[in-house]
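A.B. asks: Provided herewith: upload05.csv, CSV, C-alpha atoms.
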```csv
chain,number,residue,atom,x,y,z
A,1,MET,CA,15.3,61.4,29.6
A,2,PRO,CA,12.6,58.7,29.3
A,3,GLN,CA,12.7,55.9,31.9
A,4,PRO,CA,13.8,52.5,30.7
A,5,ALA,CA,10.9,50.2,30.1
A,6,ALA,CA,12.0,47.9,33.0
A,7,ALA,CA,11.8,50.8,35.5
A,8,VAL,CA,8.3,52.1,34.8
A,9,ALA,CA,6.2,49.6,36.7
A,10,ASP,CA,5.7,51.2,40.1
A,11,GLY,CA,4.2,48.4,42.0
A,12,THR,CA,1.0,50.2,42.9
A,13,GLU,CA,-2.3,48.4,43.0
A,14,ALA,CA,-4.3,48.2,39.7
A,15,ARG,CA,-7.6,50.0,39.5
A,16,THR,CA,-9.6,46.8,40.0
A,17,GLY,CA,-7.8,46.1,43.3
A,18,GLY,CA,-6.3,43.0,41.8
A,19,PRO,CA,-2.6,42.1,41.4
A,20,SER,CA,0.0,44.8,41.6
A,21,ALA,CA,1.0,46.8,38.6
A,22,GLY,CA,4.4,45.2,38.7
A,23,SER,CA,3.1,41.7,38.6
A,24,GLU,CA,0.7,42.7,35.7
A,25,PHE,CA,3.5,44.3,33.6
A,26,ALA,CA,6.4,42.0,34.5
A,27,PRO,CA,5.3,39.0,32.4
A,28,LEU,CA,4.8,41.2,29.3
A,29,LEU,CA,8.2,42.8,29.9
A,30,ARG,CA,9.9,39.4,30.1
A,31,ALA,CA,8.2,38.3,26.9
A,32,VAL,CA,9.3,41.4,25.0
A,33,LYS,CA,12.9,41.1,26.3
A,34,ASP,CA,13.0,37.4,25.4
A,35,GLN,CA,12.2,38.3,21.8
A,36,GLY,CA,14.9,41.0,21.7
A,37,LEU,CA,12.4,43.7,21.0
A,38,LEU,CA,14.2,46.3,23.2
A,39,GLY,CA,17.4,45.8,21.2
A,40,ARG,CA,18.7,48.6,19.0
A,41,ARG,CA,18.1,49.0,15.3
A,42,TYR,CA,21.1,51.1,14.3
A,43,ALA,CA,21.1,50.2,10.6
A,44,TRP,CA,17.4,50.9,10.3
A,45,TYR,CA,17.6,54.3,11.8
A,46,ALA,CA,20.8,55.1,9.8
A,47,ARG,CA,18.8,54.4,6.6
A,48,VAL,CA,15.8,56.5,7.8
A,49,ILE,CA,18.0,59.5,8.8
A,50,ALA,CA,20.0,59.3,5.5
A,51,VAL,CA,17.0,59.0,3.3
A,52,ASN,CA,15.3,61.9,5.1
A,53,ALA,CA,18.3,64.1,4.7
A,54,LEU,CA,18.7,63.3,1.0
A,55,ALA,CA,15.0,64.0,0.5
A,56,LEU,CA,15.2,67.3,2.2
A,57,ALA,CA,18.3,68.2,0.1
A,58,GLY,CA,16.3,67.2,-3.0
A,59,VAL,CA,13.4,69.5,-2.2
A,60,VAL,CA,15.8,72.4,-1.5
A,61,THR,CA,17.6,71.7,-4.7
A,62,GLY,CA,14.3,71.6,-6.6
A,63,LEU,CA,13.3,74.9,-5.0
A,64,VAL,CA,16.5,76.5,-6.2
A,65,LEU,CA,16.2,75.1,-9.7
A,66,ILE,CA,12.6,76.3,-10.1
A,67,GLY,CA,13.5,79.7,-8.9
A,68,ASP,CA,11.2,82.7,-8.5
A,69,SER,CA,8.0,81.0,-9.8
A,70,TRP,CA,4.6,80.2,-8.3
A,71,TRP,CA,5.3,76.6,-9.3
A,72,ALA,CA,7.7,76.5,-6.4
A,73,LEU,CA,4.6,76.3,-4.1
A,74,LEU,CA,4.2,72.7,-5.3
A,75,LEU,CA,7.2,71.9,-3.2
A,76,ALA,CA,5.7,73.2,0.1
A,77,PRO,CA,3.5,70.0,0.7
A,78,PRO,CA,6.4,67.5,0.3
A,79,LEU,CA,8.6,69.7,2.4
A,80,ALA,CA,5.9,69.7,5.1
A,81,VAL,CA,5.8,65.9,5.0
A,82,LEU,CA,9.5,65.7,5.3
A,83,PHE,CA,9.5,68.1,8.2
A,84,ALA,CA,7.1,65.7,9.9
A,85,ARG,CA,9.5,62.8,9.2
A,86,THR,CA,12.2,64.9,10.8
A,87,ALA,CA,10.1,65.5,13.8
A,88,PHE,CA,9.5,61.7,14.2
A,89,ILE,CA,13.2,61.1,14.2
A,90,GLY,CA,13.7,63.8,16.9
A,91,HIS,CA,10.9,62.2,18.8
A,92,ASP,CA,12.6,58.8,18.6
A,93,ALA,CA,15.9,60.2,19.7
A,94,GLY,CA,14.3,61.8,22.7
A,95,HIS,CA,13.0,58.4,23.8
A,96,ALA,CA,16.4,56.8,23.4
A,97,GLN,CA,15.0,54.6,20.7
A,98,ILE,CA,17.8,55.2,18.3
A,99,THR,CA,20.8,54.9,20.7
A,100,GLY,CA,21.4,54.4,24.4
A,101,ASP,CA,24.2,56.9,24.3
A,102,LYS,CA,22.6,60.1,25.8
A,103,SER,CA,25.2,62.4,24.1
A,104,VAL,CA,24.6,60.9,20.7
A,105,GLY,CA,20.8,60.9,21.2
A,106,ARG,CA,20.9,64.5,22.2
A,107,LEU,CA,23.0,65.4,19.2
A,108,ILE,CA,20.5,63.7,16.9
A,109,GLY,CA,17.7,65.5,18.6
A,110,LEU,CA,19.3,68.9,18.4
A,111,VAL,CA,20.1,68.5,14.7
A,112,HIS,CA,16.6,67.3,13.8
A,113,GLY,CA,14.7,69.5,16.2
A,114,ASN,CA,16.5,72.8,16.7
A,115,LEU,CA,18.5,73.0,13.5
A,116,LEU,CA,16.2,71.5,10.9
A,117,LEU,CA,12.8,72.3,12.4
A,118,GLY,CA,13.4,75.3,14.7
A,119,LEU,CA,11.9,73.3,17.5
A,120,SER,CA,13.6,73.1,20.9
A,121,TYR,CA,14.7,69.6,21.7
A,122,SER,CA,14.9,70.3,25.4
A,123,TRP,CA,11.5,71.9,25.6
A,124,TRP,CA,9.8,69.2,23.6
A,125,ASN,CA,11.5,66.3,25.5
A,126,THR,CA,10.7,67.7,28.9
A,127,LYS,CA,7.1,68.3,28.0
A,128,HIS,CA,6.7,65.0,26.2
A,129,ASN,CA,8.2,62.9,29.0
A,130,ARG,CA,5.7,64.5,31.5
A,131,HIS,CA,3.0,63.3,29.1
A,132,HIS,CA,4.4,59.8,29.0
A,133,ALA,CA,4.6,59.6,32.8
A,134,ASN,CA,0.9,60.4,33.3
A,135,PRO,CA,-1.0,60.3,30.0
A,136,ASN,CA,-4.4,62.0,30.1
A,137,HIS,CA,-4.0,62.9,33.8
A,138,ILE,CA,-5.7,66.3,34.0
A,139,ASP,CA,-3.3,67.5,36.7
A,140,LYS,CA,0.0,66.0,35.4
A,141,ASP,CA,-0.2,65.7,31.6
A,142,PRO,CA,0.6,69.0,29.9
A,143,ASP,CA,-1.1,67.8,26.7
A,144,VAL,CA,-4.5,67.9,28.4
A,145,ALA,CA,-4.0,71.1,30.3
A,146,ALA,CA,-6.7,73.8,29.7
A,147,ASP,CA,-5.5,76.2,27.1
A,148,VAL,CA,-7.0,77.0,23.7
A,149,LEU,CA,-8.7,73.6,23.9
A,150,VAL,CA,-10.2,71.9,26.9
A,151,PHE,CA,-10.7,68.2,27.5
A,152,THR,CA,-13.1,67.9,30.5
A,153,GLY,CA,-16.3,69.5,31.6
A,154,GLU,CA,-14.6,70.9,34.6
A,155,GLN,CA,-12.1,72.6,32.4
A,156,ALA,CA,-14.8,74.0,30.3
A,157,GLY,CA,-16.6,75.3,33.4
A,158,ASP,CA,-18.1,78.7,32.7
A,159,ARG,CA,-15.6,79.9,30.1
A,160,GLU,CA,-16.8,83.1,28.6
A,161,GLY,CA,-16.1,85.5,25.8
A,162,TRP,CA,-13.5,84.5,23.3
A,163,ARG,CA,-12.5,81.3,25.2
A,164,GLY,CA,-16.1,80.3,25.6
A,165,TRP,CA,-16.6,80.6,21.9
A,166,LEU,CA,-13.5,78.5,21.3
A,167,THR,CA,-14.8,75.8,23.7
A,168,ARG,CA,-18.3,75.7,22.2
A,169,ASN,CA,-16.8,75.2,18.7
A,170,GLN,CA,-13.6,73.4,19.5
A,171,ALA,CA,-14.5,70.2,17.7
A,172,TRP,CA,-15.0,72.2,14.4
A,173,LEU,CA,-11.9,74.3,15.1
A,174,PHE,CA,-9.5,71.5,16.0
A,175,PHE,CA,-8.0,70.8,12.6
A,176,PRO,CA,-8.0,74.4,11.4
A,177,LEU,CA,-6.1,75.3,14.6
A,178,THR,CA,-3.4,72.7,13.8
A,179,LEU,CA,-2.5,74.9,10.8
A,180,LEU,CA,-0.9,77.2,13.3
A,181,GLU,CA,0.9,74.5,15.2
A,182,GLY,CA,4.1,74.7,13.2
A,183,VAL,CA,4.5,78.4,14.2
A,184,ALA,CA,3.3,77.8,17.7
A,185,LEU,CA,6.0,75.2,18.3
A,186,LYS,CA,8.7,77.7,17.3
A,187,VAL,CA,7.3,80.4,19.6
A,188,HIS,CA,7.2,78.0,22.5
A,189,SER,CA,10.7,76.9,21.8
A,190,PHE,CA,12.1,80.4,21.9
A,191,GLN,CA,10.1,81.2,25.1
A,192,ASP,CA,11.4,78.1,26.8
A,193,LEU,CA,15.0,79.3,26.4
A,194,ARG,CA,14.5,81.4,29.6
A,195,ARG,CA,14.0,78.3,31.6
A,196,GLN,CA,17.1,76.5,30.4
A,197,PRO,CA,20.6,76.6,32.1
A,198,PRO,CA,23.0,79.1,30.5
A,199,ARG,CA,25.1,76.6,28.5
A,200,GLU,CA,22.0,74.7,27.2
A,201,ARG,CA,20.3,78.0,26.4
A,202,ALA,CA,23.3,79.2,24.4
A,203,LEU,CA,23.5,76.0,22.3
A,204,GLU,CA,19.8,75.6,21.7
A,205,GLY,CA,19.2,79.3,21.1
A,206,ALA,CA,22.1,79.4,18.5
A,207,LEU,CA,20.6,76.4,16.7
A,208,LEU,CA,17.1,77.9,16.7
A,209,VAL,CA,18.4,81.2,15.3
A,210,ALA,CA,20.5,79.3,12.7
A,211,HIS,CA,17.3,77.5,11.5
A,212,VAL,CA,15.3,80.7,11.2
A,213,ALA,CA,18.2,82.5,9.4
A,214,ALA,CA,18.8,79.6,7.0
A,215,TYR,CA,15.1,79.1,6.3
A,216,THR,CA,14.5,82.8,5.7
A,217,THR,CA,17.6,83.3,3.6
A,218,LEU,CA,16.8,80.3,1.4
A,219,LEU,CA,13.2,81.5,0.6
A,220,LEU,CA,14.2,85.2,0.1
A,221,THR,CA,17.2,84.3,-2.0
A,222,VAL,CA,15.1,82.0,-4.3
A,223,LEU,CA,11.7,83.7,-4.2
A,224,SER,CA,10.4,87.2,-4.2
A,225,PRO,CA,9.2,88.4,-0.8
A,226,GLY,CA,5.5,87.8,-1.7
A,227,LYS,CA,6.1,84.3,-3.0
A,228,ALA,CA,8.4,83.5,-0.1
A,229,LEU,CA,5.7,84.6,2.4
A,230,VAL,CA,3.1,82.4,0.7
A,231,PHE,CA,5.5,79.5,0.5
A,232,ALA,CA,6.4,79.8,4.2
A,233,ALA,CA,2.7,80.1,5.3
A,234,LEU,CA,1.6,77.1,3.2
A,235,HIS,CA,4.6,75.0,4.3
A,236,GLN,CA,4.2,75.7,8.0
A,237,ALA,CA,0.4,75.3,7.9
A,238,LEU,CA,0.7,71.8,6.3
A,239,PHE,CA,3.5,70.8,8.7
A,240,GLY,CA,1.3,71.7,11.6
A,241,LEU,CA,-1.7,69.9,10.1
A,242,HIS,CA,0.5,66.8,9.5
A,243,LEU,CA,1.5,66.8,13.2
A,244,GLY,CA,-2.1,67.2,14.2
A,245,LEU,CA,-3.2,64.3,12.1
A,246,SER,CA,-0.4,62.2,13.6
A,247,PHE,CA,-1.0,63.1,17.3
A,248,ALA,CA,-4.8,63.6,17.5
A,249,PRO,CA,-5.8,59.9,17.3
A,250,ASN,CA,-3.6,58.8,20.2
A,251,HIS,CA,-5.3,59.8,23.5
A,252,LYS,CA,-8.2,62.2,22.9
A,253,GLY,CA,-11.5,60.6,23.9
A,254,MET,CA,-9.7,57.8,25.8
A,255,GLU,CA,-10.1,57.3,29.6
A,256,MET,CA,-8.8,60.0,31.9
A,257,PRO,CA,-7.5,58.9,35.3
A,258,ASP,CA,-9.4,60.3,38.3
A,259,PRO,CA,-6.9,62.6,40.1
A,260,ASN,CA,-8.6,61.7,43.4
A,261,GLY,CA,-9.2,58.0,42.6
A,262,GLU,CA,-7.1,54.9,43.0
A,263,ARG,CA,-3.8,55.0,41.2
A,264,TRP,CA,-3.3,52.9,38.2
A,265,GLY,CA,-0.2,50.8,37.6
A,266,HIS,CA,2.0,51.3,34.6
A,267,LEU,CA,0.2,48.7,32.4
A,268,ARG,CA,-3.3,50.1,32.9
A,269,ARG,CA,-2.2,53.7,33.0
A,270,GLN,CA,-0.7,53.4,29.5
A,271,VAL,CA,-3.1,51.0,27.9
A,272,LEU,CA,-6.4,52.4,29.0
A,273,THR,CA,-5.5,56.0,28.0
A,274,SER,CA,-4.1,55.1,24.6
A,275,ARG,CA,-5.6,54.2,21.2
A,276,ASN,CA,-3.9,52.2,18.4
A,277,ILE,CA,-4.6,52.8,14.7
A,278,ARG,CA,-5.1,49.9,12.3
A,279,GLY,CA,-3.3,49.9,9.0
A,280,GLY,CA,-0.4,48.7,7.0
A,281,ALA,CA,3.0,50.0,6.0
A,282,LEU,CA,1.5,53.3,4.7
A,283,THR,CA,-0.1,54.0,8.0
A,284,ASP,CA,3.1,53.2,9.8
A,285,TRP,CA,5.0,55.6,7.6
A,286,PHE,CA,2.4,58.4,7.7
A,287,LEU,CA,2.0,58.3,11.5
A,288,GLY,CA,5.7,57.7,12.2
A,289,GLY,CA,4.9,54.5,14.2
A,290,LEU,CA,2.7,56.5,16.6
A,291,ASN,CA,-0.2,54.3,15.4
A,292,TYR,CA,1.2,51.7,17.8
A,293,GLN,CA,0.6,54.2,20.7
A,294,ILE,CA,-0.1,51.5,23.3
A,295,GLU,CA,3.1,49.7,22.6
A,296,HIS,CA,5.0,52.9,22.4
A,297,HIS,CA,3.7,54.1,25.8
A,298,LEU,CA,4.4,50.7,27.5
A,299,PHE,CA,7.9,50.6,26.0
A,300,PRO,CA,9.0,54.2,25.1
A,301,SER,CA,12.6,53.2,24.3
A,302,MET,CA,11.5,50.4,21.9
A,303,PRO,CA,12.8,51.1,18.4
A,304,ARG,CA,10.0,52.1,16.0
A,305,PRO,CA,10.2,49.0,13.7
A,306,HIS,CA,9.7,46.7,16.7
A,307,LEU,CA,6.4,48.2,17.8
A,308,ARG,CA,4.4,46.2,15.4
A,309,LEU,CA,6.2,43.1,16.4
A,310,ALA,CA,5.3,43.7,20.1
A,311,GLN,CA,1.6,44.4,19.3
A,312,PRO,CA,0.5,40.7,19.3
A,313,LEU,CA,2.2,40.1,22.7
A,314,VAL,CA,0.6,43.2,24.2
A,315,ARG,CA,-2.8,42.5,22.8
A,316,ALA,CA,-2.8,38.9,24.1
A,317,HIS,CA,-1.5,40.0,27.5
A,318,CYS,CA,-4.3,42.6,27.8
A,319,ARG,CA,-6.9,40.0,26.7
A,320,GLU,CA,-5.6,37.6,29.4
A,321,LEU,CA,-6.0,40.2,32.1
A,322,GLY,CA,-9.3,41.5,30.8
A,323,ILE,CA,-7.9,45.0,30.1
A,324,ALA,CA,-9.5,46.9,27.2
A,325,TYR,CA,-7.2,47.3,24.2
A,326,ALA,CA,-8.4,50.1,22.0
A,327,GLU,CA,-7.7,49.9,18.3
A,328,THR,CA,-9.6,51.5,15.4
A,329,GLY,CA,-9.2,52.8,11.9
A,330,LEU,CA,-7.6,56.2,11.2
A,331,VAL,CA,-10.8,58.0,10.1
A,332,ASP,CA,-12.8,56.6,13.1
A,333,SER,CA,-10.0,57.7,15.4
A,334,TYR,CA,-10.5,61.3,14.3
A,335,ARG,CA,-14.3,60.9,14.7
A,336,GLN,CA,-13.8,59.6,18.3
A,337,ALA,CA,-11.4,62.4,19.2
A,338,LEU,CA,-13.7,65.2,17.7
A,339,ARG,CA,-16.8,63.7,19.3
A,340,HIS,CA,-15.1,64.0,22.7
A,341,LEU,CA,-14.2,67.6,22.1
A,342,HIS,CA,-17.7,68.3,20.9
A,343,GLU,CA,-19.2,66.7,24.1
A,344,VAL,CA,-16.9,68.7,26.3
A,345,GLY,CA,-18.2,71.9,24.8
A,346,GLU,CA,-21.9,70.8,24.9
A,347,PRO,CA,-22.8,72.5,28.3
A,348,LEU,CA,-21.6,75.9,27.0
A,349,ARG,CA,-23.7,75.5,23.8
A,350,ALA,CA,-26.7,74.7,25.9
A,351,GLN,CA,-26.5,78.0,27.9
```
For this file, produce the structure as structure tokens.
C.D. replies:
Amino acid sequence: MPQPAAAVADGTEARTGGPSAGSEFAPLLRAVKDQGLLGRRYAWYARVIAVNALALAGVVTGLVLIGDSWWALLLAPPLAVLFARTAFIGHDAGHAQITGDKSVGRLIGLVHGNLLLGLSYSWWNTKHNRHHANPNHIDKDPDVAADVLVFTGEQAGDREGWRGWLTRNQAWLFFPLTLLEGVALKVHSFQDLRRQPPRERALEGALLVAHVAAYTTLLLTVLSPGKALVFAALHQALFGLHLGLSFAPNHKGMEMPDPNGERWGHLRRQVLTSRNIRGGALTDWFLGGLNYQIEHHLFPSMPRPHLRLAQPLVRAHCRELGIAYAETGLVDSYRQALRHLHEVGEPLRAQ
């Protein structure tokens, strides 16, 4: 499970050789605690979960009422959006934002992840917590490990063949590739079952199978096989795209700690590698609160509605210490992320 905010400052020296990370972070932590921003928001999350469940039920009902018609495809986009809302709830549960009770938090995560999305809560939580511990660290953050995409010139190296083509064109391919993310998450979830202890594997596996069975049964009961296949492809593609649009702005193109350099403390490690997105209530809703990425990384257990309240405190604290606080618009965040991917692939294009 994610570490409590009070435990994340490790006391190592900051990059500048100035005060320790603990002394840099401690005043901000005290200010946040004094304003009660680490307190629970049970009623807020109860509303979010209830509204999301009712909306999902409404889309399913609409699909049944429309029946075997191409008009049913119009429900694929709103269902994709609601799946992203569901993923955000699972994300918050994994960070203990919803409740401090681990059993209740895990139950919420299993329902919203495994059962409703077909996404392993255990797999996602383990991977995501490693990312939070060392964001953008090339050796420790699984989100920047070399795979289909690469994030540094060293990773690009002399990649050849199919992988070389991907790297040369990865900036152009990034968003098209996210169309496959919904299916990829399901594949990774089933593959991860082999790693899990027997009891956890049995529970998570049963819920994953239940999701696939229910999803398939619903579509094949209401739609002809051809329409069901098109609906599923459109729905999963848009779901993956929505997740890509939500996660892409947060760290890509931001600083990457030198694995062989001086260690950063918690404050700098989280702030310098993260990017916030400006916007109002619509941006907060569309990105599930991840637009306050800096605040979320500093205080991972902070309830989502408190992140915007913590932002002025964090921004002022960073200004006082002379630490860069990155914030930009949504479109510009994509431009920065894609520019970074394009620059990483430049050496291969020059060959």
A.B. asks: Env of region 75-92 of chain A: 9 Å cut, atoms = only C-alpha atoms, seq-sep filter 4 positions within chain, self excluded. Answer as an NGL selection string.
C.D. replies: :A and (45 or 48-49 or 52-53 or 55-56 or 59-60 or 62-63 or 71 or 96-98 or 105-106 or 108-113 or 116-117 or 119 or 121 or 124-125 or 128 or 231-232 or 234-240 or 242-243 or 285-290 or 300-301 or 303-304)
A.B. asks: Find the residues around Leu208 (chain A) up to 9 Å (only C-alpha atoms counted), leave out those fewer than 4 positions away in its own chain, and share them as a short mmCIF file (atom, residue, chain, number, x, y, z; two decimals) with C-alpha atoms, in the frame of the given file.
C.D. replies:
```
data_model
loop_
_atom_site.label_atom_id
_atom_site.label_comp_id
_atom_site.auth_asym_id
_atom_site.auth_seq_id
_atom_site.Cartn_x
_atom_site.Cartn_y
_atom_site.Cartn_z
CA GLY A 113 14.70 69.50 16.20
CA ASN A 114 16.50 72.80 16.70
CA LEU A 115 18.50 73.00 13.50
CA LEU A 116 16.20 71.50 10.90
CA LEU A 117 12.80 72.30 12.40
CA GLY A 118 13.40 75.30 14.70
CA LEU A 119 11.90 73.30 17.50
CA SER A 120 13.60 73.10 20.90
CA LYS A 186 8.70 77.70 17.30
CA SER A 189 10.70 76.90 21.80
CA PHE A 190 12.10 80.40 21.90
CA LEU A 203 23.50 76.00 22.30
CA GLU A 204 19.80 75.60 21.70
CA VAL A 212 15.30 80.70 11.20
CA ALA A 213 18.20 82.50 9.40
#
```
A.B. asks: Let me make sure I understand: among A:Pro225, A:Gly279, A:Gly322, A:Gly153, which one has the smallest atom-to-atom distance to Leu348 (chain A) if we use all atoms listed in the file?
C.D. replies: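 The answer is A:Gly153, which sits nearest to Leu348 (chain A).
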A.B. asks: If you count all atoms listed in the file, which residues fall within 8 Å of Leu298 (chain A), apart from same-chain ones fewer than 6 positions away, as a list in words?
C.D. replies: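 Once the adjacent positions are removed, what remains is Ala5, His266, Leu267, Gln270 and Val271 of chain A.
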A.B. asks: Which polymer residues have any atom within 9 Å of an atom of region 138-152 of chain A, counting all atoms listed in the file, with same-chain residues fewer than 2 positions away left out, as a list of chain:residue names?
C.D. replies: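 Near neighbours after the sequence-gap exclusion: A:Lys127, A:His128, A:Arg130, A:His131, A:His132, A:Ala133, A:Asn134, A:Pro135, A:Asn136, A:Glu154, A:Gln155, A:Ala156, A:Gly157, A:Arg163, A:Leu166, A:Thr167, A:Gln170, A:Phe174, A:Lys252, A:Gly253, A:Met256, A:Pro257, A:Asp258, A:Pro259, A:His340, A:Leu341, A:Glu343, A:Val344, A:Gly345.
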A.B. asks: List the spatial neighbours of Met302 (chain A) as a PyMOL selection string - criterion: any atom at most 12 Å away, all atoms listed in the file, same-chain residues fewer than 6 positions off excluded.
C.D. replies: chain A and resi 2-6+29+32-33+36-41+92-100+289-290+292-296+308-311
A.B. asks: Of the candidates A:Ala210, A:Leu220, A:Leu282, A:Ala326, which one gets nearest to Glu255 (chain A) if we count only C-alpha atoms?
C.D. replies: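 Closest candidate: A:Ala326.
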A.B. asks: Could you check how far CA of Arg339 (chain A) sits from CA of Arg168 (chain A), in Å to one decimal?
C.D. replies: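 Atom-to-atom, CA of Arg339 (chain A) to CA of Arg168 (chain A), that is 12.4 Å.
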A.B. asks: Can you tell me how far CA of Ala337 (chain A) sits from CA of Ala171 (chain A), in Å to one decimal?
C.D. replies: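 The value is 8.5 Å.
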A.B. asks: Can you work out the spacing between CA of Val183 (chain A) and CA of Trp123 (chain A) in Å, to one decimal?
C.D. replies: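 These atoms are spaced 14.9 Å apart.
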A.B. asks: Can you tell me, as number ranges by chain, which residues sit within 10 Å of (19.9, 80.4, 24.8) in the file's frame, using only C-alpha atoms?
C.D. replies: A: 190-209
A.B. asks: Just checking: using only C-alpha atoms, which residue out of A:Val64, A:Ala46, A:Ala26, A:Ala57 ends up closest to His317 (chain A)?
C.D. replies: A:Ala26
A.B. asks: Considering only C-alpha atoms, state which residue in the set A:Leu307, A:Gly182, A:Phe299, A:Arg349 is at the smallest distance from Phe25 (chain A).
C.D. replies: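 Closest candidate: A:Phe299.
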A.B. asks: Rank A:Arg30, A:Leu219, A:Tyr325, A:Arg319 by their smallest atom-to-atom distance to Arg269 (chain A), using all atoms listed in the file, and report the top residue only.
C.D. replies: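 Counting all atoms listed in the file, the residue closest to Arg269 (chain A) is A:Tyr325.
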A.B. asks: With distances taken over only C-alpha atoms, which residue among A:Leu272, A:Val51, A:Leu313, A:Ala248 lies nearest Arg335 (chain A)?
C.D. replies: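 Of A:Leu272, A:Val51, A:Leu313, A:Ala248, the one nearest Arg335 (chain A), counting only C-alpha atoms, is A:Ala248.
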A.B. asks: Output as a PDB file, keeping the file's coordinate frame: region 120-134 of chain A, completed with N, CA and C atoms.
C.D. replies:
```
ATOM      1  N   SER A 120      12.700  73.399  19.816  1.00  0.00           N
ATOM      2  CA  SER A 120      13.600  73.100  20.900  1.00  0.00           C
ATOM      3  C   SER A 120      13.523  71.671  21.367  1.00  0.00           C
ATOM      4  N   TYR A 121      14.621  70.962  21.261  1.00  0.00           N
ATOM      5  CA  TYR A 121      14.700  69.600  21.700  1.00  0.00           C
ATOM      6  C   TYR A 121      14.471  69.449  23.188  1.00  0.00           C
ATOM      7  N   SER A 122      15.064  70.323  23.960  1.00  0.00           N
ATOM      8  CA  SER A 122      14.900  70.300  25.400  1.00  0.00           C
ATOM      9  C   SER A 122      13.502  70.541  25.836  1.00  0.00           C
ATOM     10  N   TRP A 123      12.904  71.580  25.272  1.00  0.00           N
ATOM     11  CA  TRP A 123      11.500  71.900  25.600  1.00  0.00           C
ATOM     12  C   TRP A 123      10.580  70.769  25.295  1.00  0.00           C
ATOM     13  N   TRP A 124      10.691  70.244  24.064  1.00  0.00           N
ATOM     14  CA  TRP A 124       9.800  69.200  23.600  1.00  0.00           C
ATOM     15  C   TRP A 124       9.994  67.927  24.500  1.00  0.00           C
ATOM     16  N   ASN A 125      11.247  67.557  24.756  1.00  0.00           N
ATOM     17  CA  ASN A 125      11.500  66.300  25.500  1.00  0.00           C
ATOM     18  C   ASN A 125      10.975  66.425  26.923  1.00  0.00           C
ATOM     19  N   THR A 126      11.184  67.568  27.571  1.00  0.00           N
ATOM     20  CA  THR A 126      10.700  67.700  28.900  1.00  0.00           C
ATOM     21  C   THR A 126       9.181  67.635  28.990  1.00  0.00           C
ATOM     22  N   LYS A 127       8.517  68.329  28.097  1.00  0.00           N
ATOM     23  CA  LYS A 127       7.100  68.300  28.000  1.00  0.00           C
ATOM     24  C   LYS A 127       6.533  66.918  27.686  1.00  0.00           C
ATOM     25  N   HIS A 128       7.155  66.288  26.711  1.00  0.00           N
ATOM     26  CA  HIS A 128       6.700  65.000  26.200  1.00  0.00           C
ATOM     27  C   HIS A 128       6.878  63.892  27.257  1.00  0.00           C
ATOM     28  N   ASN A 129       7.962  63.952  28.006  1.00  0.00           N
ATOM     29  CA  ASN A 129       8.200  62.900  29.000  1.00  0.00           C
ATOM     30  C   ASN A 129       7.204  63.064  30.175  1.00  0.00           C
ATOM     31  N   ARG A 130       6.767  64.280  30.474  1.00  0.00           N
ATOM     32  CA  ARG A 130       5.700  64.500  31.500  1.00  0.00           C
ATOM     33  C   ARG A 130       4.424  63.838  30.993  1.00  0.00           C
ATOM     34  N   HIS A 131       4.151  63.973  29.706  1.00  0.00           N
ATOM     35  CA  HIS A 131       3.000  63.300  29.100  1.00  0.00           C
ATOM     36  C   HIS A 131       3.056  61.821  29.262  1.00  0.00           C
ATOM     37  N   HIS A 132       4.201  61.249  28.935  1.00  0.00           N
ATOM     38  CA  HIS A 132       4.400  59.800  29.000  1.00  0.00           C
ATOM     39  C   HIS A 132       4.218  59.263  30.407  1.00  0.00           C
ATOM     40  N   ALA A 133       4.662  60.019  31.379  1.00  0.00           N
ATOM     41  CA  ALA A 133       4.600  59.600  32.800  1.00  0.00           C
ATOM     42  C   ALA A 133       3.169  59.447  33.268  1.00  0.00           C
ATOM     43  N   ASN A 134       2.298  60.352  32.807  1.00  0.00           N
ATOM     44  CA  ASN A 134       0.900  60.400  33.300  1.00  0.00           C
ATOM     45  C   ASN A 134      -0.028  60.770  32.154  1.00  0.00           C
TER      46      ASN A 134
END
```
